[in-house]
Amino acid sequence: MARMATKQRKPARGRFITFEGGEGSGKSTQIRKLAERLEAAHVATLVTREPGGTPGAEALRHVVLSGMGKLIGVELESLLFAAARDDHVHRVIAPALAAGTWVLCDRFADSTRVYQGILGQVDPHLLDALERVTIGDLKPDLTLVLDLPADVGLSRAAARRGTGAADRFEAEGAPFHERLRQAYLQIARDNPERCVVIDATGTPDDVADRIWTTVRERLAPPSERATKANAKTRANARTKARAGA
Ligand SMILES: Nc1ncnc2c1ncn2[C@@H]1O[C@H](COP(=O)(O)OP(=O)(O)O)[C@@H](O)[C@H]1O
Ligand SMILES: [Mg+2]
């Protein structure tokens with residue numbers, strides 16, 4: 001008995017939610033808003049991003065976003081992304097999920113599929129192999145694909161940047177971003193059990209409401225599960241009371 005009492009209960013695994021979509025679609029804005037809502041619902045939450053999320057991976061982020069791919073080729077660039085992801089998954093994401101924390105990640109494997117795979121034409125077999133090594137079976141429980149017409153996203157990204165220099169993805173034209181949009185939509189169609197396309201037009205609060213509805217439907221955050229369970233128990237108790245049980 002005493003041993004039972006001191007035994008630590010393992011926390012339920014956290015949920016893994018990724019945010020995907022083009023530049024300026026609102027990923028960084030919405031990830032903060034979802035984290036606030038989850039925390040208000042007493043869900044421990046970690047916000048992170050790719051490439052990045054650890055000191056080593058953030059250093060690689062500078063390298064890849066500086067346009068290194070143009071020098072070393074898109075295959076080697078994919079290896080750098082994979083190295084960053086491996087560090088991030090093993091040092092940050094997996095331990096947090098195991099501790100019961102919900103992990104919200106700004107871009108993940110779908111961005112690799114879109115930018116390196118579809119736009120960069122890296123062999124999908126290479127990307128499959130890299131995914132097996134870096135991610136294994138740590139698939140997101142939910143991927144929110146923020147969908148926005150390319151020109152709206154680009155003008156939002158330009159407004160965010162102000163007078164600073166455009167990064168290499170922002171520097172590409174609207175047709176590139178429209179292809180990118182279609183590539184994300186295709187991934188969402190191919191993975192309906194994991195992906196939900198979110199209409200990213202409207203105010204940040206409109207989009208946050210759509211996301212919250214989806215998260216509740218798909219993942220039922222713990223306090224809500226508890227509330228539902230309590231409601232069910234109360235309903236059962238009432239039924240029994242009426243039946244004279
Ligand atoms: N729903 C929205 N309507 C108008 N502007 C937005 C909206 N969501 C985000 N923004 C603004 O657009 C810019 C890009 O948003 P951000 O969240 O950084 O997108 P991403 O991370 O997908 O590139 C930011 O300046 C942000 O404040
Ligand atoms: Mg962002």
# chains A, B, ... in the order shown; residues from 1 in each chain; ligands from 1
$ closest_atom_pairs --of "chain A" --to "ligand 1" --cutoff "7 Å" --atoms "only C-alpha atoms and all ligand atoms" --output "tab-separated table"
residue	atom	partner	partner_atom_place_in_ligand_line	distance
A:Gly21	CA	ligand 1	22 (O)	6.4
A:Gly22	CA	ligand 1	22 (O)	6.1
A:Glu23	CA	ligand 1	23 (O)	4.1
A:Gly24	CA	ligand 1	23 (O)	3.5
A:Ser25	CA	ligand 1	22 (O)	4.0
A:Gly26	CA	ligand 1	17 (O)	3.3
A:Lys27	CA	ligand 1	22 (O)	3.7
A:Ser28	CA	ligand 1	21 (O)	3.8
A:Thr29	CA	ligand 1	17 (O)	3.6
A:Gln30	CA	ligand 1	17 (O)	6.3
A:Arg156	CA	ligand 1	12 (O)	4.1
A:Ala157	CA	ligand 1	14 (C)	4.8
A:Ala159	CA	ligand 1	25 (O)	5.9
A:Arg160	CA	ligand 1	25 (O)	3.7
A:Ala200	CA	ligand 1	1 (N)	6.3
A:Thr201	CA	ligand 1	1 (N)	5.8
A:Gly202	CA	ligand 1	1 (N)	5.1
A:Thr203	CA	ligand 1	1 (N)	3.9
A:Pro204	CA	ligand 1	1 (N)	3.6
A:Val207	CA	ligand 1	1 (N)	6.3
$ write_last_selection --atoms "N, CA and C atoms" --output "PDB file, in the first residue's frame"
ATOM      1  N   GLY A  21       1.611  27.224 -43.078  1.00  0.00           N
ATOM      2  CA  GLY A  21       1.024  28.201 -43.987  1.00  0.00           C
ATOM      3  C   GLY A  21       2.088  29.174 -44.454  1.00  0.00           C
ATOM      4  N   GLY A  22       1.734  29.989 -45.450  1.00  0.00           N
ATOM      5  CA  GLY A  22       2.700  30.878 -46.079  1.00  0.00           C
ATOM      6  C   GLY A  22       3.092  32.046 -45.193  1.00  0.00           C
ATOM      7  N   GLU A  23       3.974  32.857 -45.750  1.00  0.00           N
ATOM      8  CA  GLU A  23       4.431  34.069 -45.065  1.00  0.00           C
ATOM      9  C   GLU A  23       3.255  34.989 -44.774  1.00  0.00           C
ATOM     10  N   GLY A  24       3.194  35.520 -43.584  1.00  0.00           N
ATOM     11  CA  GLY A  24       2.176  36.508 -43.246  1.00  0.00           C
ATOM     12  C   GLY A  24       0.788  35.914 -43.050  1.00  0.00           C
ATOM     13  N   SER A  25       0.682  34.577 -43.024  1.00  0.00           N
ATOM     14  CA  SER A  25      -0.650  33.976 -42.866  1.00  0.00           C
ATOM     15  C   SER A  25      -1.141  34.085 -41.425  1.00  0.00           C
ATOM     16  N   GLY A  26      -0.245  34.475 -40.515  1.00  0.00           N
ATOM     17  CA  GLY A  26      -0.675  34.709 -39.127  1.00  0.00           C
ATOM     18  C   GLY A  26      -0.259  33.618 -38.149  1.00  0.00           C
ATOM     19  N   LYS A  27       0.695  32.774 -38.549  1.00  0.00           N
ATOM     20  CA  LYS A  27       1.109  31.665 -37.672  1.00  0.00           C
ATOM     21  C   LYS A  27       1.607  32.173 -36.312  1.00  0.00           C
ATOM     22  N   SER A  28       2.539  33.136 -36.352  1.00  0.00           N
ATOM     23  CA  SER A  28       3.135  33.595 -35.091  1.00  0.00           C
ATOM     24  C   SER A  28       2.096  34.298 -34.214  1.00  0.00           C
ATOM     25  N   THR A  29       1.204  35.048 -34.855  1.00  0.00           N
ATOM     26  CA  THR A  29       0.137  35.727 -34.118  1.00  0.00           C
ATOM     27  C   THR A  29      -0.791  34.700 -33.473  1.00  0.00           C
ATOM     28  N   GLN A  30      -1.202  33.717 -34.247  1.00  0.00           N
ATOM     29  CA  GLN A  30      -2.203  32.760 -33.762  1.00  0.00           C
ATOM     30  C   GLN A  30      -1.644  31.773 -32.751  1.00  0.00           C
ATOM     31  N   ARG A 156       0.812  41.606 -45.607  1.00  0.00           N
ATOM     32  CA  ARG A 156       0.931  41.556 -44.147  1.00  0.00           C
ATOM     33  C   ARG A 156       2.401  41.418 -43.746  1.00  0.00           C
ATOM     34  N   ALA A 157       3.124  40.532 -44.457  1.00  0.00           N
ATOM     35  CA  ALA A 157       4.540  40.307 -44.109  1.00  0.00           C
ATOM     36  C   ALA A 157       5.349  41.581 -44.348  1.00  0.00           C
ATOM     37  N   ALA A 159       4.213  44.676 -44.201  1.00  0.00           N
ATOM     38  CA  ALA A 159       3.860  45.646 -43.158  1.00  0.00           C
ATOM     39  C   ALA A 159       4.596  45.302 -41.859  1.00  0.00           C
ATOM     40  N   ARG A 160       4.720  44.008 -41.563  1.00  0.00           N
ATOM     41  CA  ARG A 160       5.409  43.572 -40.349  1.00  0.00           C
ATOM     42  C   ARG A 160       6.871  43.992 -40.388  1.00  0.00           C
ATOM     43  N   ALA A 200      -7.728  32.106 -42.867  1.00  0.00           N
ATOM     44  CA  ALA A 200      -6.910  33.054 -42.106  1.00  0.00           C
ATOM     45  C   ALA A 200      -7.245  34.503 -42.432  1.00  0.00           C
ATOM     46  N   THR A 201      -8.360  34.729 -43.159  1.00  0.00           N
ATOM     47  CA  THR A 201      -8.774  36.112 -43.415  1.00  0.00           C
ATOM     48  C   THR A 201      -9.587  36.615 -42.220  1.00  0.00           C
ATOM     49  N   GLY A 202      -9.785  37.927 -42.171  1.00  0.00           N
ATOM     50  CA  GLY A 202     -10.528  38.514 -41.056  1.00  0.00           C
ATOM     51  C   GLY A 202      -9.573  38.988 -39.979  1.00  0.00           C
ATOM     52  N   THR A 203     -10.135  39.401 -38.866  1.00  0.00           N
ATOM     53  CA  THR A 203      -9.278  39.946 -37.805  1.00  0.00           C
ATOM     54  C   THR A 203      -8.557  38.806 -37.091  1.00  0.00           C
ATOM     55  N   PRO A 204      -7.471  39.131 -36.387  1.00  0.00           N
ATOM     56  CA  PRO A 204      -6.787  38.092 -35.607  1.00  0.00           C
ATOM     57  C   PRO A 204      -7.749  37.368 -34.657  1.00  0.00           C
ATOM     58  N   VAL A 207      -9.842  34.753 -36.524  1.00  0.00           N
ATOM     59  CA  VAL A 207      -9.064  33.546 -36.840  1.00  0.00           C
ATOM     60  C   VAL A 207      -8.852  32.728 -35.564  1.00  0.00           C
TER      61      VAL A 207
END
$ residues_around --residues "range 63-79 of chain A" --least-positions-apart "4" --cutoff "10 Å" --atoms "only C-alpha atoms" --output "ChimeraX atom specification"
/A:51,57-59,83-85,112-113,115-117,120-123,126-127,130,167-169
$ write_last_selection --atoms "C-alpha atoms" --output "compact mmCIF listing (two decimals), in the first residue's frame"
# COMPACT_ATOMS: atom_id res chain seq x y z
CA PRO A 51 13.82 26.02 -37.89
CA ALA A 57 18.91 24.82 -34.15
CA GLU A 58 18.55 28.62 -33.86
CA ALA A 59 22.15 28.93 -35.09
CA ALA A 83 19.85 18.50 -38.25
CA ALA A 84 18.02 21.44 -36.70
CA ARG A 85 14.80 19.40 -36.45
CA THR A 112 9.96 21.00 -45.40
CA ARG A 113 7.67 19.08 -47.76
CA TYR A 115 9.65 24.40 -49.52
CA GLN A 116 12.29 21.74 -50.11
CA GLY A 117 10.07 19.02 -51.55
CA GLY A 120 12.79 22.81 -54.30
CA GLN A 121 12.11 19.40 -55.92
CA VAL A 122 14.17 17.44 -53.42
CA ASP A 123 13.62 13.71 -53.87
CA LEU A 126 15.36 11.65 -49.17
CA LEU A 127 12.75 13.66 -47.26
CA LEU A 130 15.19 12.37 -43.02
CA ASP A 167 14.06 37.61 -46.16
CA ARG A 168 14.63 35.17 -49.02
CA PHE A 169 11.09 33.75 -48.97
$ closest_residue --among "A:Glu217, A:Glu178, A:Asp110, A:Glu39" --to "Thr143 in chain A" --atoms "only C-alpha atoms"
A:Asp110
$ closest_atom_pairs --of "range 52-143 of chain A" --to "range 188-196 of chain A" --cutoff "8 Å" --atoms "only C-alpha atoms" --output "JSON lines"
{"residue": "A:Pro140", "atom": "CA", "partner": "A:Arg194", "partner_atom": "CA", "distance": 7.2}
{"residue": "A:Asp141", "atom": "CA", "partner": "A:Arg194", "partner_atom": "CA", "distance": 6.2}
{"residue": "A:Leu142", "atom": "CA", "partner": "A:Arg194", "partner_atom": "CA", "distance": 5.0}
{"residue": "A:Thr143", "atom": "CA", "partner": "A:Cys195", "partner_atom": "CA", "distance": 4.6}
$ closest_residue --among "A:Gly56, A:Pro175, A:Gly153, A:Pro222" --to "ligand 2" --atoms "only C-alpha atoms and all ligand atoms"
A:Gly153
$ select_by_dssp --residues "range 5-142 of chain A" --states "helix (DSSP H, G or I)" --output "PyMOL selection string"
chain A and resi 5-6+27-40+55-65+68-72+74-98+109-119+124-134
$ atom_distance --atom1 "CA of Leu148 in chain A" --atom2 "CA of Glu172 in chain A"
16.4 Å
$ atom_distance --atom1 "CA of Phe16 in chain A" --atom2 "CA of Gln182 in chain A"
24.0 Å
$ residues_around --residues "Ile31 in chain A" --least-positions-apart "2" --cutoff "8 Å" --atoms "only C-alpha atoms" --output "VMD selection string"
chain A and resid 19 27 to 29 33 to 35 47 104 to 106
$ residues_around --residues "Arg15 in chain A" --least-positions-apart "2" --cutoff "7 Å" --atoms "only C-alpha atoms" --output "list of chain:residue names"
A:Arg13, A:Ile17, A:Leu97, A:Trp102, A:Val103, A:Asp141
$ write_last_selection --atoms "C-alpha atoms" --output "CSV table (one decimal), in the first residue's frame"
chain,number,residue,atom,x,y,z
A,13,ARG,CA,1.0,12.8,-22.8
A,17,ILE,CA,0.0,21.0,-32.6
A,97,LEU,CA,5.1,16.0,-24.5
A,102,TRP,CA,1.1,20.8,-25.0
A,103,VAL,CA,3.6,21.8,-27.7
A,141,ASP,CA,-1.9,15.4,-33.3
$ select_by_dssp --residues "range 5-244 of chain A" --states "strand (DSSP E)" --output "list in words"
Phe16, Ile17, Thr18, Phe19, Glu20, Thr45, Leu46, Val47, Thr48, Arg49, Trp102, Val103, Leu104, Cys105, Asp106, Leu142, Thr143, Leu144, Val145, Leu146, Asp147, Cys195, Val196, Val197, Ile198 and Asp199 of chain A
$ residues_around --residues "Ala109 in chain A" --least-positions-apart "2" --cutoff "10 Å" --atoms "only C-alpha atoms" --output "VMD selection string"
chain A and resid 18 20 50 81 to 82 85 107 111 to 114 127 131 134 to 135 139 to 140
$ write_last_selection --atoms "C-alpha atoms" --output "compact mmCIF listing (two decimals), in the first residue's frame"
# COMPACT_ATOMS: atom_id res chain seq x y z
CA THR A 18 1.78 22.49 -35.60
CA GLU A 20 1.65 25.79 -41.15
CA GLU A 50 11.18 25.74 -36.76
CA PHE A 81 16.98 21.61 -41.73
CA ALA A 82 16.93 17.96 -40.65
CA ARG A 85 14.80 19.40 -36.45
CA ARG A 107 6.15 25.39 -38.84
CA SER A 111 7.03 23.22 -44.39
CA THR A 112 9.96 21.00 -45.40
CA ARG A 113 7.67 19.08 -47.76
CA VAL A 114 6.46 22.32 -49.30
CA LEU A 127 12.75 13.66 -47.26
CA GLU A 131 11.72 12.39 -41.43
CA THR A 134 14.36 13.15 -37.03
CA ILE A 135 10.68 12.66 -36.24
CA LYS A 139 3.55 13.02 -35.68
CA PRO A 140 1.55 16.13 -34.78
$ atom_distance --atom1 "CA of Asp205 in chain A" --atom2 "atom 1 (Mg, counted along the ligand's line) of ligand 2"
16.8 Å
$ closest_residue --among "A:His125, A:Arg218, A:Arg61, A:Arg32" --to "His88 in chain A" --atoms "only C-alpha atoms"
A:Arg61
$ closest_residue --among "A:Ala41, A:Ala220, A:Ile198, A:Leu146" --to "ligand 2" --atoms "only C-alpha atoms and all ligand atoms"
A:Leu146
$ closest_residue --among "A:Arg49, A:Val152, A:Leu38, A:Arg216" --to "ligand 2" --atoms "only C-alpha atoms and all ligand atoms"
A:Arg49
$ closest_residue --among "A:Leu185, A:Ala96, A:Leu119, A:Ala208" --to "Ala12 in chain A" --atoms "only C-alpha atoms"
A:Ala96
$ residues_around --residues "Lys10 in chain A" --least-positions-apart "3" --cutoff "10 Å" --atoms "only C-alpha atoms" --output "PDB file with N, CA and C atoms, in the first residue's frame"
ATOM      1  N   LYS A   7       4.067   5.984  -5.399  1.00  0.00           N
ATOM      2  CA  LYS A   7       4.354   5.819  -6.816  1.00  0.00           C
ATOM      3  C   LYS A   7       3.896   7.063  -7.601  1.00  0.00           C
ATOM      4  N   ARG A  13       0.206  12.194 -21.844  1.00  0.00           N
ATOM      5  CA  ARG A  13       1.050  12.838 -22.836  1.00  0.00           C
ATOM      6  C   ARG A  13       0.397  14.141 -23.302  1.00  0.00           C
ATOM      7  N   ALA A  98       6.172  14.341 -23.218  1.00  0.00           N
ATOM      8  CA  ALA A  98       6.213  13.267 -22.218  1.00  0.00           C
ATOM      9  C   ALA A  98       5.863  13.800 -20.834  1.00  0.00           C
ATOM     10  N   ALA A  99       6.193  15.071 -20.587  1.00  0.00           N
ATOM     11  CA  ALA A  99       5.889  15.671 -19.273  1.00  0.00           C
ATOM     12  C   ALA A  99       4.452  16.179 -19.198  1.00  0.00           C
ATOM     13  N   GLY A 100       3.682  16.004 -20.280  1.00  0.00           N
ATOM     14  CA  GLY A 100       2.272  16.396 -20.258  1.00  0.00           C
ATOM     15  C   GLY A 100       2.015  17.786 -20.807  1.00  0.00           C
TER      16      GLY A 100
END
